[in-house]
Structure formats: C-alpha cells, structure tokens
file run-v1.pdb (PDB, C-alpha atoms)
ATOM      1  CA  MET A   1     -50.843 -47.223 -78.604
ATOM      2  CA  ALA A   2     -48.861 -48.239 -75.515
ATOM      3  CA  ALA A   3     -45.564 -47.118 -77.002
ATOM      4  CA  PRO A   4     -46.504 -43.434 -77.342
ATOM      5  CA  GLY A   5     -47.836 -43.397 -73.754
ATOM      6  CA  ARG A   6     -44.641 -44.813 -72.381
ATOM      7  CA  ALA A   7     -42.616 -42.318 -74.385
ATOM      8  CA  GLY A   8     -44.673 -39.424 -73.007
ATOM      9  CA  ALA A   9     -44.214 -40.619 -69.409
ATOM     10  CA  ALA A  10     -40.495 -40.949 -69.911
ATOM     11  CA  LEU A  11     -40.349 -37.454 -71.407
ATOM     12  CA  ARG A  12     -42.232 -35.975 -68.453
ATOM     13  CA  ALA A  13     -39.893 -37.721 -65.993
ATOM     14  CA  LEU A  14     -36.909 -36.387 -67.866
ATOM     15  CA  LEU A  15     -38.303 -32.840 -67.787
ATOM     16  CA  CYS A  16     -38.947 -33.102 -64.031
ATOM     17  CA  ALA A  17     -35.393 -34.273 -63.442
ATOM     18  CA  LEU A  18     -33.980 -31.414 -65.486
ATOM     19  CA  LEU A  19     -36.156 -28.949 -63.604
ATOM     20  CA  CYS A  20     -34.946 -30.269 -60.245
ATOM     21  CA  LEU A  21     -31.343 -30.022 -61.360
ATOM     22  CA  ALA A  22     -31.879 -26.455 -62.516
ATOM     23  CA  LEU A  23     -33.438 -25.484 -59.186
ATOM     24  CA  ALA A  24     -30.584 -27.122 -57.277
ATOM     25  CA  ALA A  25     -28.024 -25.298 -59.386
ATOM     26  CA  ALA A  26     -29.825 -22.003 -58.820
ATOM     27  CA  ALA A  27     -29.896 -22.660 -55.092
ATOM     28  CA  ARG A  28     -26.154 -23.359 -55.070
ATOM     29  CA  GLY A  29     -25.413 -20.193 -57.018
ATOM     30  CA  ARG A  30     -27.517 -18.000 -54.728
ATOM     31  CA  PRO A  31     -25.604 -16.678 -51.691
ATOM     32  CA  SER A  32     -26.725 -17.945 -48.312
ATOM     33  CA  PRO A  33     -28.618 -15.403 -46.179
ATOM     34  CA  VAL A  34     -26.785 -16.695 -43.103
ATOM     35  CA  LYS A  35     -23.771 -14.566 -42.165
ATOM     36  CA  VAL A  36     -20.538 -16.230 -41.075
ATOM     37  CA  LEU A  37     -18.847 -14.651 -38.038
ATOM     38  CA  SER A  38     -15.182 -14.825 -37.082
ATOM     39  CA  ASP A  39     -13.146 -13.881 -34.010
ATOM     40  CA  GLY A  40     -12.434 -10.416 -35.358
ATOM     41  CA  MET A  41     -16.116  -9.646 -36.033
ATOM     42  CA  TRP A  42     -17.595 -10.300 -32.593
ATOM     43  CA  ARG A  43     -17.955  -6.582 -31.782
ATOM     44  CA  GLU A  44     -20.638  -6.368 -34.467
ATOM     45  CA  LEU A  45     -22.852  -8.338 -32.072
ATOM     46  CA  LEU A  46     -22.886  -5.337 -29.708
ATOM     47  CA  GLN A  47     -25.086  -3.414 -32.174
ATOM     48  CA  ASP A  48     -28.518  -4.164 -33.640
ATOM     49  CA  GLU A  49     -30.300  -7.503 -33.178
ATOM     50  CA  TRP A  50     -28.737 -10.896 -33.895
ATOM     51  CA  MET A  51     -29.519 -14.602 -33.771
ATOM     52  CA  VAL A  52     -26.260 -16.583 -33.720
ATOM     53  CA  GLU A  53     -25.845 -20.349 -34.014
ATOM     54  CA  PHE A  54     -22.697 -22.082 -32.754
ATOM     55  CA  TYR A  55     -22.124 -25.367 -34.557
ATOM     56  CA  ALA A  56     -19.510 -27.901 -35.608
ATOM     57  CA  PRO A  57     -19.299 -29.728 -38.961
ATOM     58  CA  TRP A  58     -19.113 -33.153 -37.260
ATOM     59  CA  CYS A  59     -22.235 -32.544 -35.097
ATOM     60  CA  PRO A  60     -25.339 -34.492 -36.357
ATOM     61  CA  ALA A  61     -27.767 -32.209 -34.495
ATOM     62  CA  CYS A  62     -26.136 -29.195 -36.134
ATOM     63  CA  GLU A  63     -26.603 -30.752 -39.584
ATOM     64  CA  ASN A  64     -30.298 -31.320 -38.880
ATOM     65  CA  LEU A  65     -30.692 -27.690 -37.809
ATOM     66  CA  GLN A  66     -29.065 -26.166 -40.914
ATOM     67  CA  PRO A  67     -32.131 -26.346 -43.261
ATOM     68  CA  GLU A  68     -34.392 -24.688 -40.668
ATOM     69  CA  TRP A  69     -31.744 -22.078 -39.920
ATOM     70  CA  GLU A  70     -31.425 -21.240 -43.623
ATOM     71  CA  LYS A  71     -35.204 -20.846 -43.942
ATOM     72  CA  PHE A  72     -35.295 -18.615 -40.883
ATOM     73  CA  ALA A  73     -32.472 -16.483 -42.301
ATOM     74  CA  GLU A  74     -34.635 -15.733 -45.350
ATOM     75  CA  TRP A  75     -37.046 -13.930 -42.994
ATOM     76  CA  GLY A  76     -34.255 -11.990 -41.314
ATOM     77  CA  GLU A  77     -34.621  -8.876 -43.436
ATOM     78  CA  ASP A  78     -38.391  -8.710 -42.835
ATOM     79  CA  LEU A  79     -37.958  -9.223 -39.094
ATOM     80  CA  GLY A  80     -35.046  -6.777 -38.816
ATOM     81  CA  VAL A  81     -32.695  -9.364 -37.343
ATOM     82  CA  ASN A  82     -29.260 -10.557 -38.482
ATOM     83  CA  VAL A  83     -28.965 -14.345 -38.681
ATOM     84  CA  ALA A  84     -25.423 -15.706 -38.340
ATOM     85  CA  LYS A  85     -23.472 -18.843 -37.506
ATOM     86  CA  VAL A  86     -20.078 -19.630 -35.982
ATOM     87  CA  ASP A  87     -17.964 -22.716 -36.614
ATOM     88  CA  VAL A  88     -16.422 -23.473 -33.206
ATOM     89  CA  THR A  89     -13.682 -25.604 -34.781
ATOM     90  CA  GLU A  90     -12.445 -22.619 -36.790
ATOM     91  CA  GLN A  91     -13.255 -19.783 -34.362
ATOM     92  CA  PRO A  92     -12.198 -20.918 -30.862
ATOM     93  CA  GLY A  93     -12.024 -17.335 -29.598
ATOM     94  CA  LEU A  94     -15.745 -16.753 -30.119
ATOM     95  CA  SER A  95     -16.697 -20.073 -28.555
ATOM     96  CA  GLY A  96     -14.562 -19.114 -25.547
ATOM     97  CA  ARG A  97     -16.282 -15.741 -25.169
ATOM     98  CA  PHE A  98     -19.690 -17.439 -25.003
ATOM     99  CA  ILE A  99     -18.541 -20.573 -23.070
ATOM    100  CA  ILE A 100     -20.013 -23.013 -25.580
ATOM    101  CA  THR A 101     -20.364 -26.404 -23.856
ATOM    102  CA  ALA A 102     -23.104 -27.969 -26.025
ATOM    103  CA  LEU A 103     -23.854 -28.020 -29.741
ATOM    104  CA  PRO A 104     -25.746 -26.505 -31.352
ATOM    105  CA  THR A 105     -26.111 -23.417 -29.132
ATOM    106  CA  ILE A 106     -28.140 -20.364 -30.169
ATOM    107  CA  TYR A 107     -27.791 -16.881 -28.686
ATOM    108  CA  HIS A 108     -29.988 -13.823 -29.102
ATOM    109  CA  CYS A 109     -28.066 -10.530 -29.035
ATOM    110  CA  LYS A 110     -29.639  -7.089 -28.925
ATOM    111  CA  ASP A 111     -27.902  -3.798 -28.076
ATOM    112  CA  GLY A 112     -25.124  -5.471 -26.109
ATOM    113  CA  GLU A 113     -27.392  -7.845 -24.123
ATOM    114  CA  PHE A 114     -27.016 -11.601 -24.653
ATOM    115  CA  ARG A 115     -29.661 -14.267 -24.016
ATOM    116  CA  ARG A 116     -29.475 -17.991 -24.658
ATOM    117  CA  TYR A 117     -32.276 -19.405 -26.801
ATOM    118  CA  GLN A 118     -33.740 -22.643 -25.422
ATOM    119  CA  GLY A 119     -36.952 -23.028 -27.451
ATOM    120  CA  ALA A 120     -37.931 -25.283 -30.335
ATOM    121  CA  ARG A 121     -35.514 -25.492 -33.229
ATOM    122  CA  ASN A 122     -37.660 -24.822 -36.274
ATOM    123  CA  LYS A 123     -38.387 -21.858 -38.494
ATOM    124  CA  ALA A 124     -41.792 -21.033 -36.965
ATOM    125  CA  ALA A 125     -40.396 -20.987 -33.417
ATOM    126  CA  PHE A 126     -37.519 -18.739 -34.439
ATOM    127  CA  ILE A 127     -39.857 -16.298 -36.182
ATOM    128  CA  ASN A 128     -42.231 -16.128 -33.201
ATOM    129  CA  PHE A 129     -39.291 -15.614 -30.838
ATOM    130  CA  ILE A 130     -38.367 -12.428 -32.699
ATOM    131  CA  SER A 131     -41.772 -11.116 -33.836
ATOM    132  CA  ASP A 132     -43.497 -11.652 -30.467
ATOM    133  CA  GLU A 133     -40.415 -10.472 -28.552
ATOM    134  CA  GLU A 134     -40.318 -13.631 -26.493
ATOM    135  CA  TRP A 135     -36.677 -12.884 -25.712
ATOM    136  CA  LYS A 136     -37.790 -10.289 -23.138
ATOM    137  CA  SER A 137     -38.886 -13.103 -20.805
ATOM    138  CA  ILE A 138     -35.330 -14.493 -20.670
ATOM    139  CA  GLU A 139     -32.841 -13.112 -18.168
ATOM    140  CA  PRO A 140     -29.789 -11.669 -19.971
ATOM    141  CA  VAL A 141     -26.303 -12.928 -19.280
ATOM    142  CA  SER A 142     -24.575 -11.126 -16.400
ATOM    143  CA  SER A 143     -22.114  -8.397 -17.349
ATOM    144  CA  TRP A 144     -19.387 -10.391 -15.561
ATOM    145  CA  PHE A 145     -19.849 -13.204 -18.088
ATOM    146  CA  GLY A 146     -20.629 -11.055 -21.124
ATOM    147  CA  PRO A 147     -18.448 -11.459 -24.226
ATOM    148  CA  SER A 148     -16.945  -8.001 -23.720
ATOM    149  CA  SER A 149     -15.937  -8.570 -20.068
ATOM    150  CA  LEU A 150     -12.346  -9.088 -18.948
ATOM    151  CA  LEU A 151     -13.120 -12.608 -17.755
ATOM    152  CA  MET A 152     -14.523 -13.711 -21.108
ATOM    153  CA  SER A 153     -11.677 -12.019 -22.967
ATOM    154  CA  SER A 154      -9.286 -14.146 -20.903
ATOM    155  CA  MET A 155     -11.323 -17.250 -21.703
ATOM    156  CA  SER A 156     -11.174 -16.379 -25.398
ATOM    157  CA  ALA A 157      -7.381 -16.117 -25.229
ATOM    158  CA  LEU A 158      -7.217 -19.436 -23.379
ATOM    159  CA  PHE A 159      -9.343 -21.164 -26.034
ATOM    160  CA  LYS A 160      -7.126 -19.745 -28.770
ATOM    161  CA  LEU A 161      -4.028 -20.963 -26.948
ATOM    162  CA  SER A 162      -5.473 -24.461 -26.656
ATOM    163  CA  MET A 163      -6.219 -24.456 -30.391
ATOM    164  CA  TRP A 164      -2.661 -23.358 -31.206
ATOM    165  CA  ILE A 165      -1.261 -26.095 -28.979
ATOM    166  CA  ARG A 166      -3.420 -28.690 -30.718
ATOM    167  CA  HIS A 167      -2.314 -27.483 -34.153
ATOM    168  CA  GLY A 168       1.315 -27.468 -33.017
ATOM    169  CA  HIS A 169       0.989 -31.008 -31.681
ATOM    170  CA  GLY A 170      -0.507 -32.146 -34.976
ATOM    171  CA  TYR A 171       2.267 -30.464 -36.950
ATOM    172  CA  LEU A 172       5.003 -32.090 -34.850
ATOM    173  CA  THR A 173       3.515 -35.586 -34.982
ATOM    174  CA  GLU A 174       2.098 -35.659 -38.521
ATOM    175  CA  ASN A 175       4.341 -33.400 -40.596
ATOM    176  CA  LEU A 176       7.678 -33.817 -38.808
ATOM    177  CA  GLY A 177       7.147 -37.431 -37.708
ATOM    178  CA  ILE A 178       8.018 -36.788 -34.050
ATOM    179  CA  PRO A 179       6.535 -39.399 -31.681
ATOM    180  CA  VAL A 180       3.776 -38.369 -29.299
ATOM    181  CA  TRP A 181       6.024 -38.510 -26.231
ATOM    182  CA  GLY A 182       8.533 -36.281 -28.040
ATOM    183  CA  SER A 183       5.841 -33.704 -28.728
ATOM    184  CA  TYR A 184       4.858 -33.753 -25.040
ATOM    185  CA  ALA A 185       8.513 -33.278 -24.057
ATOM    186  CA  VAL A 186       8.837 -30.276 -26.381
ATOM    187  CA  PHE A 187       5.751 -28.618 -24.889
ATOM    188  CA  GLY A 188       6.937 -29.411 -21.363
ATOM    189  CA  LEU A 189      10.337 -27.781 -21.934
ATOM    190  CA  ALA A 190       8.672 -24.786 -23.577
ATOM    191  CA  THR A 191       6.397 -24.418 -20.555
ATOM    192  CA  LEU A 192       9.369 -24.498 -18.137
ATOM    193  CA  PHE A 193      11.272 -21.944 -20.201
ATOM    194  CA  LEU A 194       8.312 -19.567 -20.361
ATOM    195  CA  GLY A 195       7.789 -19.956 -16.618
ATOM    196  CA  MET A 196      11.397 -18.985 -15.929
ATOM    197  CA  VAL A 197      11.186 -15.965 -18.221
ATOM    198  CA  LEU A 198       7.943 -14.774 -16.629
ATOM    199  CA  GLY A 199       9.392 -15.285 -13.138
ATOM    200  CA  LEU A 200      12.466 -13.192 -13.947
ATOM    201  CA  MET A 201      10.287 -10.472 -15.408
ATOM    202  CA  MET A 202       8.127 -10.385 -12.271
ATOM    203  CA  VAL A 203      11.193 -10.171 -10.017
ATOM    204  CA  PHE A 204      12.634  -7.362 -12.134
ATOM    205  CA  LEU A 205       9.375  -5.396 -12.018
ATOM    206  CA  ALA A 206       9.038  -5.923  -8.264
ATOM    207  CA  ASP A 207      12.617  -4.704  -7.712
ATOM    208  CA  CYS A 208      11.932  -1.611  -9.840
ATOM    209  CA  ILE A 209       8.687  -0.781  -8.032
ATOM    210  CA  CYS A 210       9.867  -1.608  -4.481
ATOM    211  CA  PRO A 211      13.703  -1.493  -4.419
ATOM    212  CA  SER A 212      15.565  -3.032  -1.446
ATOM    213  CA  LYS A 213      17.267  -0.825   1.164
ATOM    214  CA  ARG A 214      20.821  -1.527   0.012
ATOM    215  CA  HIS A 215      19.967  -0.227  -3.461
ATOM    216  CA  ARG A 216      18.080   2.841  -2.319
ATOM    217  CA  PRO A 217      19.853   6.179  -2.990
ATOM    218  CA  PRO A 218      21.196   7.932   0.156
ATOM    219  CA  GLN A 219      18.886  10.581   1.494
ATOM    220  CA  LEU A 220      20.378  14.046   1.776
ATOM    221  CA  GLN A 221      20.511  15.493   5.282
ATOM    222  CA  PRO A 222      19.001  18.955   5.627
ATOM    223  CA  GLN A 223      21.703  21.626   5.873
ATOM    224  CA  PRO A 224      21.551  23.932   8.928
ATOM    225  CA  ARG A 225      20.402  27.386   8.120
ATOM    226  CA  LYS A 226      23.165  29.976   8.192
ATOM    227  CA  GLN A 227      22.950  32.591  10.907
ATOM    228  CA  GLY A 228      23.278  36.210  10.000
ATOM    229  CA  PRO A 229      25.747  38.607  11.708
ATOM    230  CA  GLU A 230      22.919  40.341  13.561
ATOM    231  CA  SER A 231      22.095  37.149  15.487
ATOM    232  CA  ALA A 232      25.591  36.818  17.024
ATOM    233  CA  PRO A 233      24.892  39.002  20.155
ATOM    234  CA  LEU A 234      21.671  37.089  20.821
ATOM    235  CA  LEU A 235      23.470  33.767  20.657
ATOM    236  CA  LYS A 236      26.189  35.076  23.021
ATOM    237  CA  ASN A 237      23.614  36.217  25.591
ATOM    238  CA  ARG A 238      21.849  32.854  25.424
ATOM    239  CA  TYR A 239      25.163  31.049  25.943
ATOM    240  CA  GLU A 240      25.998  33.140  29.034
ATOM    241  CA  GLU A 241      22.518  32.554  30.478
ATOM    242  CA  GLN A 242      22.857  28.800  29.989
ATOM    243  CA  GLU A 243      26.280  28.832  31.717
ATOM    244  CA  GLY A 244      24.827  30.763  34.658
ATOM    245  CA  ASP A 245      21.931  28.339  34.995
ATOM    246  CA  GLU A 246      24.280  25.385  34.856
ATOM    247  CA  GLY A 247      26.476  26.942  37.632
ATOM    248  CA  ASP A 248      23.466  27.446  39.916
ATOM    249  CA  ILE A 249      22.309  23.924  39.313
ATOM    250  CA  SER A 250      25.815  22.519  40.139
ATOM    251  CA  ASP A 251      25.966  24.510  43.430
ATOM    252  CA  GLU A 252      22.556  23.230  44.468
ATOM    253  CA  GLU A 253      23.542  19.683  43.655
ATOM    254  CA  THR A 254      26.755  20.037  45.764
ATOM    255  CA  GLU A 255      24.871  21.338  48.784
ATOM    256  CA  GLY A 256      22.309  18.572  48.447
ATOM    257  CA  LYS A 257      25.040  15.951  48.453
ATOM    258  CA  GLU A 258      26.691  17.358  51.603
ATOM    259  CA  GLY A 259      23.352  17.484  53.423
ATOM    260  CA  SER A 260      22.638  13.905  52.558
ATOM    261  CA  ARG A 261      26.024  12.843  53.928
ATOM    262  CA  ARG A 262      25.349  14.577  57.235
ATOM    263  CA  ASP A 263      21.940  13.013  57.577
ATOM    264  CA  SER A 264      23.322   9.569  56.869
ATOM    265  CA  SER A 265      25.624   9.507  59.995
ATOM    266  CA  PRO A 266      24.730   6.740  62.601
ATOM    267  CA  SER A 267      23.726   9.010  65.544
ATOM    268  CA  GLY A 268      22.175  11.696  63.454
ATOM    269  CA  VAL A 269      23.991  14.241  65.757
ATOM    270  CA  ARG A 270      26.940  16.296  64.738
ATOM    271  CA  GLN A 271      30.062  15.143  66.622
ATOM    272  CA  ARG A 272      32.707  17.626  67.684
ATOM    273  CA  PRO A 273      36.370  16.633  67.927
ATOM    274  CA  VAL A 274      37.607  16.231  71.552
ATOM    275  CA  PRO A 275      41.065  17.690  72.242
ATOM    276  CA  ARG A 276      43.603  15.332  73.737
ATOM    277  CA  ALA A 277      44.619  15.977  77.443
ATOM    278  CA  ALA A 278      48.103  17.319  78.085
ATOM    279  CA  PRO A 279      50.522  14.859  79.806
ATOM    280  CA  LEU A 280      51.109  15.430  83.576
ATOM    281  CA  GLU A 281      54.488  16.621  84.730
ATOM    282  CA  LYS A 282      56.378  14.504  87.223
ATOM    283  CA  SER A 283      57.251  16.195  90.513
TER     284      SER A 283
END
call {"tool": "encode", "arguments": {"input": "run-v1.pdb", "output": "structure tokens"}}
result
Amino acid sequence: MAAPGRAGAALRALLCALLCLALAAAARGRPSPVKVLSDGMWRELLQDEWMVEFYAPWCPACENLQPEWEKFAEWGEDLGVNVAKVDVTEQPGLSGRFIITALPTIYHCKDGEFRRYQGARNKAAFINFISDEEWKSIEPVSSWFGPSSLLMSSMSALFKLSMWIRHGHGYLTENLGIPVWGSYAVFGLATLFLGMVLGLMMVFLADCICPSKRHRPPQLQPQPRKQGPESAPLLKNRYEEQEGDEGDISDEETEGKEGSRRDSSPSGVRQRPVPRAAPLEKS
C-alpha cells in the first residue's frame, strides 16, 4: 500500500514542477509593461504622466526594486500613468539631463513638470503616490535645471562626451593593445589640437565682427555741393564785404599799435625835436 502512495506524491510533485515551468515560460514570453527610454525619446516625458526609474545593471538596490517596479507597471494603464526605466550605462544623455547621482532614482513627470520621488519603494506606495496625487506636495524641479533647459542640455552633451571618451579609451587599450599611458597621450594631443582649432576659429570670428583699423575700408569724404550760376553774384558780394571788413580791422589794429608805442615812452610826454643853434661868426 505504501508504494502507490509514494507514486502519487511523486506524480503530484512532477505536475507542480511542470506547472511552474509553464508559468515561467508564459511570463518570459509576455512583454514587460515597463517601457524602455533612450536619449532620443526624452521629449515624450514632456507630455502625459510618467514614472521613470534610473538604474544600472550592476546595482544591487536596482535589482531588488525590479520586481516591485514590474508589478506597479501592471497597474499603469488603470492609473493612467506611463511606467518606464532608463539604463544609465547605455543612455548617458538622459542621466545627464536629470543629474543622476544615486541609484536607483525615480522621477515623476507630468505635463513638463519634474518631481523626484523619495517615498517607499514598493508597489502599494507607488500606487498611492499616483492615485492620491501625493506628487502635488513635492516642489517641482526649477526650470533652470529642467531636462529641456540649456544648462541640462549642455550637461547631457558632457555626459555623452565622457561616455565616448571611455569607449575610445577601452578600444585603444583592449582592441589595439596600446598601453594606458599611450591612450592618455593620444587624448592629450587631441585635446591640444582641438584647442588650437577652436582658438583660431574664435580669432577669425572676432576679426570678422570687429575688424582692426588697418583693415577697415577707407571712408568716402562727402563731396562739396556744386554751386549754380545764379549764386555767383552773391558769392562775389560776400567776398567784397569780407575784404572790406578785413581792411577796417587791419587799420584799427595799426592805430592801436601806434597808440601803445606812444604810451610806452618813459616820460609819457611827447618830445619835440630841438633845432641846433647856428655857429657864431668871428669878428
């Protein structure tokens, strides 16, 4: 009697194992409700409502959050919210736009306003955060530091540049076999060359916008307006009047000079010449 009981228990265990495998296979075949965002899709966050998780594959805390995030994403359609995730190792531009300094980081986005989620990290807390509109109690990120601002666009470009440099360093050292110091030398020379090119471009633009005096085109002098034949008598009369005025002024100046000479004599009295006496005749 014991043999049939053991056989039945083994059969039930086998059926349970097959059922678990079937459920796991079905789960793998079903697409994940969590959307994956890339650098070129960040403008979608400016519309509708989003919950976005920034994670890294090597982060243990991120791995612990994934099951709860998947369960929360299943409620996304009922709550009217898009649930997404961003791999910061593959999308450095997005991590630069949001200044991700800790992992995992969760942001709430609604109609172009961005708020950082700092509550509990489980499905119930996420659902209450959206259904009860708890996000309204959080101050949104300033427009200066918003993902669409010029400052954050520059940060995104800087993060992308750092990622390209890291990939280039790995390619030089691993694929080409260049030593580490050789890779640093290559990047140093490239930096100097780019600096020289940018400096020349800035000098050229400055010279075009504000040229120096020696390169400025000569300015044309205004040409005197031609006089008509009817103005000739008027000019002649003016010339004669000016000559008459100059003659009067010269006469007055001459008289003034003579008077000043007379006044400057030592006695101040006009001296008359005394005639010399005639010589006496001898008798």
call {"tool": "residues_around", "arguments": {"input": "run-v1.pdb", "residues": "Ser137 (chain A)", "least_positions_apart": "2", "cutoff": "12 Å", "atoms": "all atoms listed in the file", "output": "number ranges by chain"}}
result
A: 115-118, 129-130, 132-135, 139-140
call {"tool": "atom_distance", "arguments": {"input": "run-v1.pdb", "atom1": "CA of Ala206 (chain A)", "atom2": "CA of Trp144 (chain A)"}}
result
29.7 Å
call {"tool": "resolve_selection", "arguments": {"input": "run-v1.pdb", "expression": "the PyMOL selection byres ((chain A and resi 71-77) around 9)", "output": "PyMOL selection string"}}
result
chain A and resi 32-35+66-70+78-84+122-124+126-127
call {"tool": "resolve_selection", "arguments": {"input": "run-v1.pdb", "expression": "the PyMOL selection byres ((chain A and resi 108) around 6)", "output": "PyMOL selection string"}}
result
chain A and resi 50-51+107+109+114-115
call {"tool": "atom_distance", "arguments": {"input": "run-v1.pdb", "atom1": "CA of Gln47 (chain A)", "atom2": "CA of Leu161 (chain A)"}}
result
27.9 Å
call {"tool": "residues_around", "arguments": {"input": "run-v1.pdb", "residues": "Met155 (chain A)", "least_positions_apart": "6", "cutoff": "10 Å", "atoms": "only C-alpha atoms", "output": "VMD selection string"}}
result
chain A and resid 92 to 99 147 149 161
call {"tool": "atom_distance", "arguments": {"input": "run-v1.pdb", "atom1": "CA of Met202 (chain A)", "atom2": "CA of Tyr184 (chain A)"}}
result
26.8 Å
call {"tool": "residues_around", "arguments": {"input": "run-v1.pdb", "residues": "Leu46 (chain A)", "least_positions_apart": "5", "cutoff": "8 Å", "atoms": "all atoms listed in the file", "output": "VMD selection string"}}
result
chain A and resid 109 to 113
call {"tool": "closest_residue", "arguments": {"input": "run-v1.pdb", "among": "A:Lys136, A:Arg43, A:His169, A:Lys85", "to": "Leu65 (chain A)", "atoms": "only C-alpha atoms"}}
result
A:Lys85
call {"tool": "decode", "arguments": {"input": "run-v1.pdb", "residues": "region 66-94 of chain A", "atoms": "N, CA and C atoms", "output": "JSON list (two decimals), in the first residue's frame"}}
result
[["chain", "number", "residue", "atom", "x", "y", "z"],
["A", 66, "GLN", "N", 13.36, 45.88, -9.09],
["A", 66, "GLN", "CA", 12.76, 45.48, -10.36],
["A", 66, "GLN", "C", 11.44, 44.71, -10.21],
["A", 67, "PRO", "N", 11.31, 43.72, -9.31],
["A", 67, "PRO", "CA", 10.02, 43.02, -9.19],
["A", 67, "PRO", "C", 8.88, 43.95, -8.79],
["A", 68, "GLU", "N", 9.12, 44.85, -7.85],
["A", 68, "GLU", "CA", 8.07, 45.80, -7.43],
["A", 68, "GLU", "C", 7.74, 46.78, -8.56],
["A", 69, "TRP", "N", 8.74, 47.16, -9.31],
["A", 69, "TRP", "CA", 8.51, 48.09, -10.42],
["A", 69, "TRP", "C", 7.70, 47.42, -11.52],
["A", 70, "GLU", "N", 7.93, 46.15, -11.78],
["A", 70, "GLU", "CA", 7.16, 45.41, -12.77],
["A", 70, "GLU", "C", 5.70, 45.27, -12.31],
["A", 71, "LYS", "N", 5.48, 44.99, -11.04],
["A", 71, "LYS", "CA", 4.11, 44.88, -10.53],
["A", 71, "LYS", "C", 3.39, 46.22, -10.61],
["A", 72, "PHE", "N", 4.10, 47.28, -10.30],
["A", 72, "PHE", "CA", 3.48, 48.61, -10.39],
["A", 72, "PHE", "C", 3.14, 48.96, -11.84],
["A", 73, "ALA", "N", 3.99, 48.54, -12.78],
["A", 73, "ALA", "CA", 3.74, 48.84, -14.19],
["A", 73, "ALA", "C", 2.47, 48.16, -14.68],
["A", 74, "GLU", "N", 2.10, 47.03, -14.09],
["A", 74, "GLU", "CA", 0.85, 46.37, -14.48],
["A", 74, "GLU", "C", -0.38, 47.20, -14.14],
["A", 75, "TRP", "N", -0.26, 48.10, -13.19],
["A", 75, "TRP", "CA", -1.36, 49.00, -12.81],
["A", 75, "TRP", "C", -1.30, 50.32, -13.59],
["A", 76, "GLY", "N", -0.30, 50.48, -14.42],
["A", 76, "GLY", "CA", -0.13, 51.76, -15.10],
["A", 76, "GLY", "C", -1.31, 52.15, -15.97],
["A", 77, "GLU", "N", -1.86, 51.19, -16.70],
["A", 77, "GLU", "CA", -2.98, 51.50, -17.58],
["A", 77, "GLU", "C", -4.21, 51.93, -16.78],
["A", 78, "ASP", "N", -4.47, 51.27, -15.64],
["A", 78, "ASP", "CA", -5.61, 51.64, -14.81],
["A", 78, "ASP", "C", -5.42, 53.01, -14.16],
["A", 79, "LEU", "N", -4.19, 53.33, -13.81],
["A", 79, "LEU", "CA", -3.92, 54.61, -13.16],
["A", 79, "LEU", "C", -3.71, 55.75, -14.16],
["A", 80, "GLY", "N", -3.56, 55.43, -15.43],
["A", 80, "GLY", "CA", -3.32, 56.46, -16.44],
["A", 80, "GLY", "C", -1.92, 57.03, -16.40],
["A", 81, "VAL", "N", -0.95, 56.22, -16.02],
["A", 81, "VAL", "CA", 0.43, 56.67, -15.92],
["A", 81, "VAL", "C", 1.32, 55.73, -16.72],
["A", 82, "ASN", "N", 2.33, 56.29, -17.36],
["A", 82, "ASN", "CA", 3.33, 55.51, -18.11],
["A", 82, "ASN", "C", 4.49, 55.17, -17.17],
["A", 83, "VAL", "N", 4.81, 53.90, -17.08],
["A", 83, "VAL", "CA", 5.90, 53.44, -16.22],
["A", 83, "VAL", "C", 7.07, 53.07, -17.13],
["A", 84, "ALA", "N", 8.24, 53.66, -16.86],
["A", 84, "ALA", "CA", 9.40, 53.46, -17.73],
["A", 84, "ALA", "C", 10.66, 53.32, -16.89],
["A", 85, "LYS", "N", 11.74, 52.94, -17.55],
["A", 85, "LYS", "CA", 13.04, 52.80, -16.90],
["A", 85, "LYS", "C", 14.12, 53.22, -17.88],
["A", 86, "VAL", "N", 15.27, 53.64, -17.32],
["A", 86, "VAL", "CA", 16.40, 54.11, -18.11],
["A", 86, "VAL", "C", 17.67, 53.46, -17.56],
["A", 87, "ASP", "N", 18.42, 52.82, -18.44],
["A", 87, "ASP", "CA", 19.71, 52.25, -18.08],
["A", 87, "ASP", "C", 20.77, 53.33, -18.25],
["A", 88, "VAL", "N", 21.33, 53.81, -17.13],
["A", 88, "VAL", "CA", 22.26, 54.95, -17.19],
["A", 88, "VAL", "C", 23.57, 54.55, -17.86],
["A", 89, "THR", "N", 23.90, 53.27, -17.89],
["A", 89, "THR", "CA", 25.13, 52.85, -18.55],
["A", 89, "THR", "C", 25.01, 52.87, -20.07],
["A", 90, "GLU", "N", 23.78, 52.80, -20.56],
["A", 90, "GLU", "CA", 23.54, 52.82, -22.01],
["A", 90, "GLU", "C", 23.02, 54.16, -22.50],
["A", 91, "GLN", "N", 22.43, 54.95, -21.62],
["A", 91, "GLN", "CA", 21.84, 56.23, -22.00],
["A", 91, "GLN", "C", 22.43, 57.35, -21.13],
["A", 92, "PRO", "N", 23.69, 57.72, -21.37],
["A", 92, "PRO", "CA", 24.31, 58.76, -20.53],
["A", 92, "PRO", "C", 23.68, 60.13, -20.73],
["A", 93, "GLY", "N", 23.11, 60.39, -21.91],
["A", 93, "GLY", "CA", 22.50, 61.69, -22.14],
["A", 93, "GLY", "C", 21.31, 61.95, -21.22],
["A", 94, "LEU", "N", 20.47, 60.93, -21.03],
["A", 94, "LEU", "CA", 19.32, 61.09, -20.15],
["A", 94, "LEU", "C", 19.75, 61.24, -18.69]]
